[in-house]
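Here's run-v8.pdb, which has PDB, C-alpha atoms and all ligand atoms:
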ATOM      1  CA  MET A  12     -74.196 -98.913  70.808
ATOM      2  CA  VAL A  13     -70.554 -98.504  71.851
ATOM      3  CA  GLU A  14     -68.170 -96.133  70.115
ATOM      4  CA  THR A  15     -65.307 -98.359  68.883
ATOM      5  CA  ARG A  16     -61.849 -96.761  68.965
ATOM      6  CA  LEU A  17     -58.913 -97.975  66.868
ATOM      7  CA  ILE A  18     -55.665 -98.953  68.556
ATOM      8  CA  ASP A  19     -53.019 -97.667  66.156
ATOM      9  CA  GLY A  20     -50.131-100.136  66.492
ATOM     10  CA  LYS A  21     -48.346 -98.733  63.467
ATOM     11  CA  ALA A  22     -48.074 -95.243  65.009
ATOM     12  CA  PHE A  23     -47.140 -96.687  68.443
ATOM     13  CA  ALA A  24     -44.384 -98.829  66.856
ATOM     14  CA  GLU A  25     -43.017 -95.838  64.918
ATOM     15  CA  ARG A  26     -42.738 -93.785  68.117
ATOM     16  CA  MET A  27     -41.101 -96.727  69.867
ATOM     17  CA  ARG A  28     -38.512 -97.124  67.081
ATOM     18  CA  LEU A  29     -37.616 -93.421  67.256
ATOM     19  CA  ARG A  30     -37.122 -93.698  71.027
ATOM     20  CA  LEU A  31     -35.031 -96.864  70.561
ATOM     21  CA  ALA A  32     -32.794 -95.121  68.011
ATOM     22  CA  ASP A  33     -31.955 -92.514  70.677
ATOM     23  CA  GLU A  34     -31.261 -95.241  73.252
ATOM     24  CA  VAL A  35     -29.044 -97.148  70.793
ATOM     25  CA  ALA A  36     -27.069 -93.974  70.004
ATOM     26  CA  ALA A  37     -26.483 -93.353  73.730
ATOM     27  CA  PHE A  38     -25.436 -97.008  74.234
ATOM     28  CA  VAL A  39     -22.927 -96.815  71.354
ATOM     29  CA  THR A  40     -21.478 -93.579  72.782
ATOM     30  CA  ASP A  41     -21.214 -95.052  76.285
ATOM     31  CA  THR A  42     -19.806 -98.476  75.400
ATOM     32  CA  GLY A  43     -18.274 -98.228  71.915
ATOM     33  CA  VAL A  44     -20.340-101.294  71.027
ATOM     34  CA  THR A  45     -22.908-101.321  68.201
ATOM     35  CA  PRO A  46     -25.629-103.928  68.854
ATOM     36  CA  GLY A  47     -25.800-106.555  66.083
ATOM     37  CA  LEU A  48     -28.848-108.607  65.099
ATOM     38  CA  ALA A  49     -28.351-111.730  62.964
ATOM     39  CA  VAL A  50     -31.414-112.968  61.084
ATOM     40  CA  VAL A  51     -31.409-116.425  59.514
ATOM     41  CA  LEU A  52     -33.781-117.153  56.627
ATOM     42  CA  VAL A  53     -33.969-120.713  55.292
ATOM     43  CA  GLY A  54     -35.776-121.308  51.987
ATOM     44  CA  GLU A  55     -37.916-119.155  49.734
ATOM     45  CA  ASP A  56     -41.168-118.441  51.629
ATOM     46  CA  PRO A  57     -42.208-115.060  50.139
ATOM     47  CA  ALA A  58     -43.876-113.680  53.312
ATOM     48  CA  SER A  59     -40.828-114.634  55.410
ATOM     49  CA  ALA A  60     -38.548-112.910  52.891
ATOM     50  CA  VAL A  61     -40.578-109.676  53.297
ATOM     51  CA  TYR A  62     -40.474-109.868  57.121
ATOM     52  CA  VAL A  63     -36.701-110.491  57.079
ATOM     53  CA  ARG A  64     -36.135-107.558  54.717
ATOM     54  CA  ASN A  65     -38.224-105.278  56.967
ATOM     55  CA  LYS A  66     -36.357-106.458  60.065
ATOM     56  CA  GLY A  67     -33.010-105.709  58.395
ATOM     57  CA  ARG A  68     -34.101-102.232  57.283
ATOM     58  CA  GLN A  69     -35.563-101.265  60.657
ATOM     59  CA  THR A  70     -32.505-102.619  62.520
ATOM     60  CA  VAL A  71     -30.219-100.347  60.494
ATOM     61  CA  GLU A  72     -32.621 -97.377  60.883
ATOM     62  CA  ALA A  73     -32.380 -97.835  64.662
ATOM     63  CA  GLY A  74     -28.576 -97.560  64.449
ATOM     64  CA  MET A  75     -27.782-101.259  64.933
ATOM     65  CA  ASN A  76     -25.926-103.688  62.674
ATOM     66  CA  SER A  77     -28.005-106.146  60.653
ATOM     67  CA  ILE A  78     -26.406-109.425  59.637
ATOM     68  CA  GLU A  79     -28.535-111.475  57.223
ATOM     69  CA  HIS A  80     -27.878-115.138  56.474
ATOM     70  CA  LYS A  81     -29.907-116.758  53.712
ATOM     71  CA  LEU A  82     -29.724-120.527  53.316
ATOM     72  CA  PRO A  83     -31.361-122.430  50.438
ATOM     73  CA  ALA A  84     -34.455-124.600  51.015
ATOM     74  CA  THR A  85     -32.128-127.582  50.475
ATOM     75  CA  ALA A  86     -30.065-126.690  53.586
ATOM     76  CA  THR A  87     -29.844-129.550  56.065
ATOM     77  CA  GLN A  88     -30.499-129.442  59.767
ATOM     78  CA  ALA A  89     -26.735-129.732  60.303
ATOM     79  CA  ASP A  90     -26.159-126.660  58.068
ATOM     80  CA  VAL A  91     -28.620-124.566  60.109
ATOM     81  CA  LEU A  92     -27.214-125.740  63.462
ATOM     82  CA  ALA A  93     -23.651-124.999  62.308
ATOM     83  CA  LEU A  94     -24.655-121.455  61.346
ATOM     84  CA  VAL A  95     -26.420-120.872  64.685
ATOM     85  CA  ARG A  96     -23.328-122.086  66.592
ATOM     86  CA  GLN A  97     -21.114-119.761  64.546
ATOM     87  CA  LEU A  98     -23.423-116.825  65.443
ATOM     88  CA  ASN A  99     -23.433-117.872  69.129
ATOM     89  CA  ASP A 100     -19.633-117.549  69.097
ATOM     90  CA  ASP A 101     -19.520-114.214  67.238
ATOM     91  CA  PRO A 102     -19.023-111.302  69.690
ATOM     92  CA  ALA A 103     -20.394-108.799  67.118
ATOM     93  CA  VAL A 104     -23.744-110.633  67.212
ATOM     94  CA  HIS A 105     -25.908-109.781  70.242
ATOM     95  CA  GLY A 106     -29.223-111.114  68.933
ATOM     96  CA  ILE A 107     -30.025-114.193  66.827
ATOM     97  CA  LEU A 108     -33.375-114.782  65.160
ATOM     98  CA  VAL A 109     -34.253-117.767  62.973
ATOM     99  CA  GLN A 110     -37.248-116.837  60.846
ATOM    100  CA  LEU A 111     -40.192-119.250  61.211
ATOM    101  CA  PRO A 112     -41.632-121.352  59.745
ATOM    102  CA  LEU A 113     -38.595-123.448  58.798
ATOM    103  CA  PRO A 114     -38.901-125.733  55.760
ATOM    104  CA  VAL A 115     -39.785-129.381  56.377
ATOM    105  CA  PRO A 116     -37.933-131.523  57.537
ATOM    106  CA  ILE A 117     -35.865-129.121  59.667
ATOM    107  CA  ASP A 118     -36.703-129.536  63.359
ATOM    108  CA  ALA A 119     -37.476-126.007  64.578
ATOM    109  CA  GLN A 120     -37.295-126.975  68.277
ATOM    110  CA  ALA A 121     -33.779-128.372  67.817
ATOM    111  CA  VAL A 122     -32.691-125.180  66.049
ATOM    112  CA  LEU A 123     -34.214-122.918  68.723
ATOM    113  CA  ALA A 124     -32.606-125.011  71.477
ATOM    114  CA  THR A 125     -29.179-124.363  69.911
ATOM    115  CA  ILE A 126     -29.439-120.554  70.127
ATOM    116  CA  ASP A 127     -27.526-119.066  73.086
ATOM    117  CA  PRO A 128     -30.379-118.009  75.462
ATOM    118  CA  ALA A 129     -28.585-114.672  76.053
ATOM    119  CA  LYS A 130     -28.885-113.933  72.300
ATOM    120  CA  ASP A 131     -32.400-115.384  71.878
ATOM    121  CA  VAL A 132     -34.168-112.134  70.945
ATOM    122  CA  ASP A 133     -37.310-114.060  69.897
ATOM    123  CA  GLY A 134     -37.625-115.472  73.431
ATOM    124  CA  PHE A 135     -38.396-118.952  72.082
ATOM    125  CA  HIS A 136     -35.570-120.891  73.826
ATOM    126  CA  VAL A 137     -36.877-123.069  76.675
ATOM    127  CA  VAL A 138     -34.621-121.205  79.112
ATOM    128  CA  ASN A 139     -36.375-117.920  78.299
ATOM    129  CA  VAL A 140     -39.807-119.623  78.220
ATOM    130  CA  GLY A 141     -39.095-121.059  81.682
ATOM    131  CA  ARG A 142     -37.714-117.802  83.070
ATOM    132  CA  LEU A 143     -40.840-115.939  81.907
ATOM    133  CA  SER A 144     -43.108-118.549  83.480
ATOM    134  CA  VAL A 145     -41.417-118.348  86.902
ATOM    135  CA  GLY A 146     -41.238-114.536  86.865
ATOM    136  CA  LEU A 147     -37.497-114.063  86.249
ATOM    137  CA  ASP A 148     -36.021-111.532  83.802
ATOM    138  CA  ALA A 149     -36.255-113.096  80.351
ATOM    139  CA  LEU A 150     -36.102-112.210  76.697
ATOM    140  CA  VAL A 151     -39.845-112.222  75.920
ATOM    141  CA  PRO A 152     -41.452-113.139  72.547
ATOM    142  CA  CYS A 153     -41.990-110.016  70.465
ATOM    143  CA  THR A 154     -45.624-110.285  69.345
ATOM    144  CA  PRO A 155     -47.019-110.951  72.857
ATOM    145  CA  LEU A 156     -44.830-108.185  74.278
ATOM    146  CA  GLY A 157     -46.238-105.800  71.659
ATOM    147  CA  CYS A 158     -49.821-106.820  72.537
ATOM    148  CA  VAL A 159     -49.299-106.059  76.235
ATOM    149  CA  MET A 160     -47.678-102.692  75.451
ATOM    150  CA  LEU A 161     -50.701-101.702  73.354
ATOM    151  CA  LEU A 162     -53.085-102.890  76.089
ATOM    152  CA  LYS A 163     -51.317-100.953  78.832
ATOM    153  CA  ASP A 164     -51.211 -97.846  76.657
ATOM    154  CA  ALA A 165     -54.960 -98.117  76.006
ATOM    155  CA  LEU A 166     -56.180 -99.240  79.436
ATOM    156  CA  GLY A 167     -53.530 -98.348  82.019
ATOM    157  CA  SER A 168     -53.528-101.030  84.708
ATOM    158  CA  LEU A 169     -54.757-104.441  83.521
ATOM    159  CA  ALA A 170     -55.067-105.790  87.080
ATOM    160  CA  GLY A 171     -58.188-107.845  87.717
ATOM    161  CA  LEU A 172     -59.378-107.784  84.117
ATOM    162  CA  GLU A 173     -60.674-110.988  82.522
ATOM    163  CA  ALA A 174     -58.486-111.850  79.508
ATOM    164  CA  VAL A 175     -59.348-114.584  77.012
ATOM    165  CA  VAL A 176     -56.580-115.606  74.604
ATOM    166  CA  VAL A 177     -57.927-117.599  71.658
ATOM    167  CA  GLY A 178     -54.926-119.610  70.434
ATOM    168  CA  ARG A 179     -52.312-121.713  72.213
ATOM    169  CA  SER A 180     -49.197-121.388  70.037
ATOM    170  CA  ASN A 181     -45.711-121.243  71.545
ATOM    171  CA  ILE A 182     -45.080-117.994  69.632
ATOM    172  CA  VAL A 183     -48.137-116.030  70.766
ATOM    173  CA  GLY A 184     -50.891-117.684  72.846
ATOM    174  CA  LYS A 185     -48.865-119.298  75.639
ATOM    175  CA  PRO A 186     -46.341-116.479  76.228
ATOM    176  CA  LEU A 187     -49.106-113.861  76.000
ATOM    177  CA  ALA A 188     -51.045-115.691  78.707
ATOM    178  CA  GLN A 189     -47.926-115.569  80.910
ATOM    179  CA  LEU A 190     -47.458-111.839  80.304
ATOM    180  CA  LEU A 191     -51.127-111.113  81.098
ATOM    181  CA  LEU A 192     -50.816-113.139  84.308
ATOM    182  CA  ARG A 193     -47.807-110.998  85.190
ATOM    183  CA  GLU A 194     -50.135-107.966  84.792
ATOM    184  CA  ASP A 195     -52.586-109.581  87.276
ATOM    185  CA  CYS A 196     -55.244-110.420  84.681
ATOM    186  CA  THR A 197     -57.488-113.448  85.129
ATOM    187  CA  VAL A 198     -56.409-115.464  82.091
ATOM    188  CA  THR A 199     -58.140-118.139  80.031
ATOM    189  CA  ILE A 200     -56.409-119.800  77.086
ATOM    190  CA  ALA A 201     -59.067-120.992  74.641
ATOM    191  CA  HIS A 202     -58.534-122.763  71.309
ATOM    192  CA  SER A 203     -60.246-124.522  68.443
ATOM    193  CA  ARG A 204     -61.374-127.396  70.713
ATOM    194  CA  THR A 205     -62.753-125.193  73.510
ATOM    195  CA  ARG A 206     -66.395-125.979  74.284
ATOM    196  CA  ASP A 207     -68.845-123.057  73.979
ATOM    197  CA  LEU A 208     -66.081-120.818  72.616
ATOM    198  CA  PRO A 209     -68.423-117.852  71.873
ATOM    199  CA  ASP A 210     -69.615-117.871  75.517
ATOM    200  CA  VAL A 211     -66.036-118.054  76.808
ATOM    201  CA  CYS A 212     -65.104-115.079  74.607
ATOM    202  CA  ARG A 213     -68.118-113.070  75.841
ATOM    203  CA  ARG A 214     -66.601-113.124  79.358
ATOM    204  CA  ALA A 215     -63.540-111.202  78.208
ATOM    205  CA  ASP A 216     -62.698-107.614  79.100
ATOM    206  CA  ILE A 217     -59.631-108.255  76.919
ATOM    207  CA  LEU A 218     -60.159-110.588  73.960
ATOM    208  CA  ILE A 219     -57.145-111.737  71.951
ATOM    209  CA  GLY A 220     -57.497-113.451  68.566
ATOM    210  CA  ALA A 221     -54.368-115.520  67.921
ATOM    211  CA  VAL A 222     -55.720-118.626  66.291
ATOM    212  CA  GLY A 223     -54.795-118.077  62.628
ATOM    213  CA  ARG A 224     -58.304-118.488  61.205
ATOM    214  CA  PRO A 225     -59.670-115.624  59.107
ATOM    215  CA  GLU A 226     -62.489-113.707  60.869
ATOM    216  CA  MET A 227     -63.342-116.659  63.117
ATOM    217  CA  ILE A 228     -64.210-114.445  66.109
ATOM    218  CA  ARG A 229     -67.588-112.905  65.334
ATOM    219  CA  GLY A 230     -69.048-109.611  66.525
ATOM    220  CA  ASP A 231     -71.558-111.255  68.854
ATOM    221  CA  TRP A 232     -68.713-113.094  70.668
ATOM    222  CA  ILE A 233     -67.476-109.728  71.979
ATOM    223  CA  LYS A 234     -68.651-108.259  75.295
ATOM    224  CA  PRO A 235     -69.823-104.667  74.713
ATOM    225  CA  GLY A 236     -66.950-102.294  75.488
ATOM    226  CA  ALA A 237     -64.263-105.013  75.500
ATOM    227  CA  THR A 238     -60.745-104.362  74.188
ATOM    228  CA  VAL A 239     -59.965-106.606  71.223
ATOM    229  CA  ILE A 240     -56.414-107.386  70.111
ATOM    230  CA  ASP A 241     -56.256-109.148  66.753
ATOM    231  CA  VAL A 242     -52.985-111.017  66.190
ATOM    232  CA  GLY A 243     -54.170-112.841  63.044
ATOM    233  CA  ILE A 244     -52.643-111.989  59.678
ATOM    234  CA  ASN A 245     -54.549-114.020  57.083
ATOM    235  CA  ARG A 246     -54.352-113.422  53.345
ATOM    236  CA  VAL A 247     -57.749-114.166  51.724
ATOM    237  CA  GLU A 248     -59.136-113.941  48.171
ATOM    238  CA  LYS A 249     -61.063-110.754  47.352
ATOM    239  CA  ALA A 250     -64.448-111.044  45.641
ATOM    240  CA  GLY A 251     -63.244-109.156  42.543
ATOM    241  CA  GLY A 252     -59.869-110.988  42.359
ATOM    242  CA  GLY A 253     -56.584-110.363  44.160
ATOM    243  CA  THR A 254     -56.067-110.795  47.898
ATOM    244  CA  ARG A 255     -56.417-108.777  51.102
ATOM    245  CA  LEU A 256     -55.286-109.191  54.709
ATOM    246  CA  VAL A 257     -57.819-109.953  57.429
ATOM    247  CA  GLY A 258     -57.400-110.770  61.098
ATOM    248  CA  ASP A 259     -58.872-113.521  63.256
ATOM    249  CA  VAL A 260     -61.685-111.140  64.272
ATOM    250  CA  ALA A 261     -64.574-110.083  61.982
ATOM    251  CA  PHE A 262     -63.514-106.423  62.131
ATOM    252  CA  ASP A 263     -66.677-104.900  60.608
ATOM    253  CA  GLU A 264     -68.935-106.857  62.976
ATOM    254  CA  ALA A 265     -66.891-105.652  65.972
ATOM    255  CA  GLN A 266     -67.702-102.008  65.179
ATOM    256  CA  GLY A 267     -70.207-100.618  67.663
ATOM    257  CA  ILE A 268     -69.553-103.526  70.098
ATOM    258  CA  ALA A 269     -65.832-103.517  70.990
ATOM    259  CA  GLY A 270     -64.614-100.524  73.005
ATOM    260  CA  ARG A 271     -61.250-100.672  71.275
ATOM    261  CA  ILE A 272     -59.777-102.853  68.539
ATOM    262  CA  THR A 273     -56.498-103.272  66.647
ATOM    263  CA  PRO A 274     -56.818-103.197  62.850
ATOM    264  CA  VAL A 275     -55.178-105.684  60.469
ATOM    265  CA  PRO A 276     -52.889-104.515  58.993
ATOM    266  CA  GLY A 277     -51.499-101.711  61.151
ATOM    267  CA  GLY A 278     -52.218-103.135  64.615
ATOM    268  CA  VAL A 279     -50.110-105.803  66.292
ATOM    269  CA  GLY A 280     -47.881-106.659  63.261
ATOM    270  CA  PRO A 281     -45.667-103.537  63.361
ATOM    271  CA  MET A 282     -45.180-104.000  67.128
ATOM    272  CA  THR A 283     -43.455-107.357  66.484
ATOM    273  CA  ILE A 284     -40.452-105.758  64.794
ATOM    274  CA  ALA A 285     -40.300-102.789  67.203
ATOM    275  CA  CYS A 286     -40.153-105.236  70.139
ATOM    276  CA  LEU A 287     -37.488-107.275  68.341
ATOM    277  CA  LEU A 288     -35.312-104.150  68.162
ATOM    278  CA  GLN A 289     -35.961-103.494  71.861
ATOM    279  CA  ASN A 290     -34.989-107.080  72.742
ATOM    280  CA  THR A 291     -31.787-106.741  70.695
ATOM    281  CA  LEU A 292     -30.767-103.622  72.631
ATOM    282  CA  THR A 293     -31.640-105.371  75.924
ATOM    283  CA  ALA A 294     -29.555-108.413  74.935
ATOM    284  CA  ALA A 295     -26.599-106.215  73.944
ATOM    285  CA  ARG A 296     -26.806-104.276  77.238
ATOM    286  CA  ARG A 297     -26.773-107.510  79.262
ATOM    287  CA  GLN A 298     -23.897-109.032  77.264
ATOM    288  CA  VAL A 299     -21.768-105.889  77.596
ATOM    289  CA  ALA A 300     -22.547-105.696  81.341
ATOM    290  CA  ALA A 301     -21.521-109.359  81.671
ATOM    291  CA  GLY A 302     -18.229-108.518  79.947
ATOM    292  CA  GLY A 303     -19.072-110.420  76.726
TER     293      GLY A 303
HETATM  294  N1  LIG A 401     -38.647-116.054  64.285
HETATM  295  C1  LIG A 401     -39.865-115.528  64.153
HETATM  296  N2  LIG A 401     -40.662-115.947  63.153
HETATM  297  C2  LIG A 401     -41.904-115.406  63.044
HETATM  298  C3  LIG A 401     -42.357-114.384  63.914
HETATM  299  C4  LIG A 401     -41.497-113.987  64.956
HETATM  300  O1  LIG A 401     -41.832-113.108  65.808
HETATM  301  N3  LIG A 401     -40.262-114.572  65.038
HETATM  302  N4  LIG A 401     -43.578-113.766  63.706
HETATM  303  C5  LIG A 401     -44.281-113.970  62.445
HETATM  304  C6  LIG A 401     -43.857-113.099  61.304
HETATM  305  N5  LIG A 401     -43.375-111.735  61.634
HETATM  306  C7  LIG A 401     -42.095-111.609  62.055
HETATM  307  O2  LIG A 401     -41.271-112.447  61.905
HETATM  308  C8  LIG A 401     -44.143-110.577  61.345
HETATM  309  C9  LIG A 401     -45.432-110.665  60.872
HETATM  310  C10 LIG A 401     -46.143-109.521  60.511
HETATM  311  C11 LIG A 401     -45.574-108.271  60.627
HETATM  312  C12 LIG A 401     -46.294-107.040  60.170
HETATM  313  O3  LIG A 401     -45.803-105.946  60.340
HETATM  314  N6  LIG A 401     -47.455-107.187  59.530
HETATM  315  C13 LIG A 401     -48.162-106.065  58.927
HETATM  316  C14 LIG A 401     -48.746-106.502  57.607
HETATM  317  C15 LIG A 401     -47.703-107.048  56.674
HETATM  318  C16 LIG A 401     -48.249-107.419  55.313
HETATM  319  O4  LIG A 401     -48.727-106.533  54.613
HETATM  320  O5  LIG A 401     -48.156-108.620  54.963
HETATM  321  C17 LIG A 401     -49.294-105.602  59.816
HETATM  322  O6  LIG A 401     -49.878-106.439  60.531
HETATM  323  O7  LIG A 401     -49.610-104.419  59.750
HETATM  324  C18 LIG A 401     -44.287-108.172  61.102
HETATM  325  C19 LIG A 401     -43.583-109.313  61.458
HETATM  326  C20 LIG A 401     -44.082-115.422  61.977
HETATM  327  N7  LIG A 401     -42.718-115.805  62.023
HETATM  328 MG    MG A 402     -56.006-124.548  67.737
END
Would it be possible to restate this file's structure as structure tokens?
Amino acid sequence: MVETRLIDGKAFAERMRLRLADEVAAFVTDTGVTPGLAVVLVGEDPASAVYVRNKGRQTVEAGMNSIEHKLPATATQADVLALVRQLNDDPAVHGILVQLPLPVPIDAQAVLATIDPAKDVDGFHVVNVGRLSVGLDALVPCTPLGCVMLLKDALGSLAGLEAVVVGRSNIVGKPLAQLLLREDCTVTIAHSRTRDLPDVCRRADILIGAVGRPEMIRGDWIKPGATVIDVGINRVEKAGGGTRLVGDVAFDEAQGIAGRITPVPGGVGPMTIACLLQNTLTAARRQVAAGG
């Protein structure tokens, strides 16, 4: 039986935000510029509203300006594109984030493609996706970046380790695979159609659940001693009424098998916003250096 240790993403993210606040203060002193992050929320999705509120609060706590734009669910594609273009042209805005998911029928890819790649702090623009995949400096998606930071903190070098990423989304699975490749892992992207998925998972020294299905990854899919990163945030009904959050990994079953595991909540989630703040400072630094 393995002793399973928790990876405390919440504490790691708090330390990171404190360090960032110091870096932001030094940047403001040096340049006279306060980094600004614009967050666009379209519609009334309650979870998105909470994430946007948290992003705004943590941006201000880090010493940066937060600019929130809320559009009604009835906003048209043209309305959203016009707002993004206005933010592209605003020199006080160094980072732009459009909260996902966007209401139907707005075309998220068209909106993301309109963001200035230099201000694309989510790293979702095809220019940043392409730069990451060919090994150039890029703004990198926040959740995958947070996962790799937690892994390196827990394991040191990741070189040569077998990583299995369950999930192939543009937001997490694909960019995370790229980042793990950059760390010299041997990477497999698996998904809901992968044959013999439990066997594929059992190969992993690093197993990532990013598929969005509550507790799909079972304890006996985990190689003893493996490091498990659970990106899933699924709200499920509780037996006695009410709801609770669970990940993509059956957390209780992983105890005594995984070497290390991130909890849900308190694992990867808080890293997403900490990395967003880091990307905003990076974007501001580059824009100021470029004279913009
Ligand atoms: N434009 C973007 N949209 C979305 C992203 C993103 O990175 N960019 N990611 C998710 C939502 N998200 C940030 O936007 C996000 C999700 C979860 C957390 C978090 O801290 N979760 C907590 C639990 C929160 C709860 O109680 O519900 C945790 O895991 O501990 C932060 C940010 C989709 N959209
Ligand atoms: Mg799938």
Per residue of chain A within 8 Å of ligand MG 402 (chain A), record the nearest atom pair and its distance in Å to one decimal, counting all atoms listed in the file, with rows in chain order and ascending residue number, as a Markdown table.
| residue | atom | partner | partner_atom | distance |
| --- | --- | --- | --- | --- |
| A:Gly178 | CA | A:MG402 | MG | 5.7 |
| A:Arg179 | CA | A:MG402 | MG | 6.5 |
| A:Ser180 | CA | A:MG402 | MG | 7.9 |
| A:His202 | CA | A:MG402 | MG | 4.7 |
| A:Ser203 | CA | A:MG402 | MG | 4.3 |
| A:Arg204 | CA | A:MG402 | MG | 6.8 |
| A:Val222 | CA | A:MG402 | MG | 6.1 |
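Distances to Gly54 (chain A) were evaluated for A:Pro116, A:Gly67, A:Gly20, A:Gly220 using all atoms listed in the file, and the minimum falls at A:Pro116.
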Might I get the box with edges along x, y and z of the file that holds all atoms of ligand LIG 401 (chain A) listed there, padded by 3 Å on every side, given as centre and edge lengths in Å to one decimal, as JSON?
{"center_x": -44.3, "center_y": -110.2, "center_z": 60.2, "size_x": 17.2, "size_y": 17.6, "size_z": 17.2}
> Using all atoms listed in the file, which protein or nucleic acid residues are at most 6 Å from ligand LIG 401 (chain A), as an NGL selection string?
Replying inline: :A and (62 or 108-111 or 133 or 153-154 or 275-281 or 283-284)
> Excluding same-chain residues fewer than 6 positions from Ala294 (chain A), what lies within 9 Å of it counting all atoms listed in the file, as a ChimeraX atom specification?
Replying inline: /A:46,105-106,129-132,150
> Excluding same-chain residues fewer than 6 positions from Arg214 (chain A), what lies within 10 Å of it counting all atoms listed in the file, as a ChimeraX atom specification?
Replying inline: /A:173-175,199,232-234,237
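Remark: for Ile18 (chain A), the closest of the candidate residues A:Thr40, A:Asn139, A:Gln298, A:Thr273 is A:Thr273 (distances computed over only C-alpha atoms).
You will find CA of Ala201 (chain A) at 29.2 Å from CA of Lys249 (chain A).
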> Could you name the residues that touch Val257 (chain A) at 9 Å or less, counting all atoms listed in the file, but leaving out those on the same chain fewer than 6 positions away, as a ChimeraX atom specification?
Replying inline: /A:225-226,243-247,274-276
>> Ranking A:Met227, A:Leu292, A:Ile268, A:Ala49 by minimum distance to Gly74 (chain A) and counting all atoms listed in the file, which one comes first?
In response: A:Leu292
>> Just want the 10 Å neighbourhood of Met12 (chain A), counted on only C-alpha atoms, with same-chain residues fewer than 3 positions away dropped. Output as a ChimeraX atom specification.
In response: /A:15,235-236,266-270
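Under the PyMOL selection byres (((chain A and resi 24-26) around 9) and not hetatm), the matching residues in the shown file are Asp19, Gly20, Lys21, Ala22, Phe23, Met27, Arg28, Leu29, Arg30, Leu31, Gly157, Pro281, Met282, Thr283, Ile284, Ala285 and Cys286 of chain A.
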Taking the file above as input, evaluate the PyMOL selection byres (((chain A and resi 162-171) around 7) and not hetatm) and report the hits as a PDB file with C-alpha atoms, keeping the file's coordinate frame.
ATOM      1  CA  CYS A 158     -49.821-106.820  72.537  1.00  0.00           C
ATOM      2  CA  VAL A 159     -49.299-106.059  76.235  1.00  0.00           C
ATOM      3  CA  MET A 160     -47.678-102.692  75.451  1.00  0.00           C
ATOM      4  CA  LEU A 161     -50.701-101.702  73.354  1.00  0.00           C
ATOM      5  CA  LEU A 172     -59.378-107.784  84.117  1.00  0.00           C
ATOM      6  CA  GLU A 173     -60.674-110.988  82.522  1.00  0.00           C
ATOM      7  CA  GLU A 194     -50.135-107.966  84.792  1.00  0.00           C
ATOM      8  CA  ASP A 195     -52.586-109.581  87.276  1.00  0.00           C
ATOM      9  CA  CYS A 196     -55.244-110.420  84.681  1.00  0.00           C
ATOM     10  CA  THR A 197     -57.488-113.448  85.129  1.00  0.00           C
TER      11      THR A 197
END
> At a cut-off of 10 Å from (-29.3, -103.1, 61.3) in the coordinates of the file, what residues are picked up using all atoms listed in the file, written as a list in words?
Replying inline: Thr45, Pro46, Gly47, Leu48, Ala49, Lys66, Gly67, Arg68, Gln69, Thr70, Val71, Glu72, Ala73, Gly74, Met75, Asn76, Ser77, Ile78, Glu79 and Leu288 of chain A
>> One decimal, in Å: what's the spacing between CA of Ile228 (chain A) and CA of Pro209 (chain A)?
In response: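 Rounded to one decimal, the two atoms are 7.9 Å apart.
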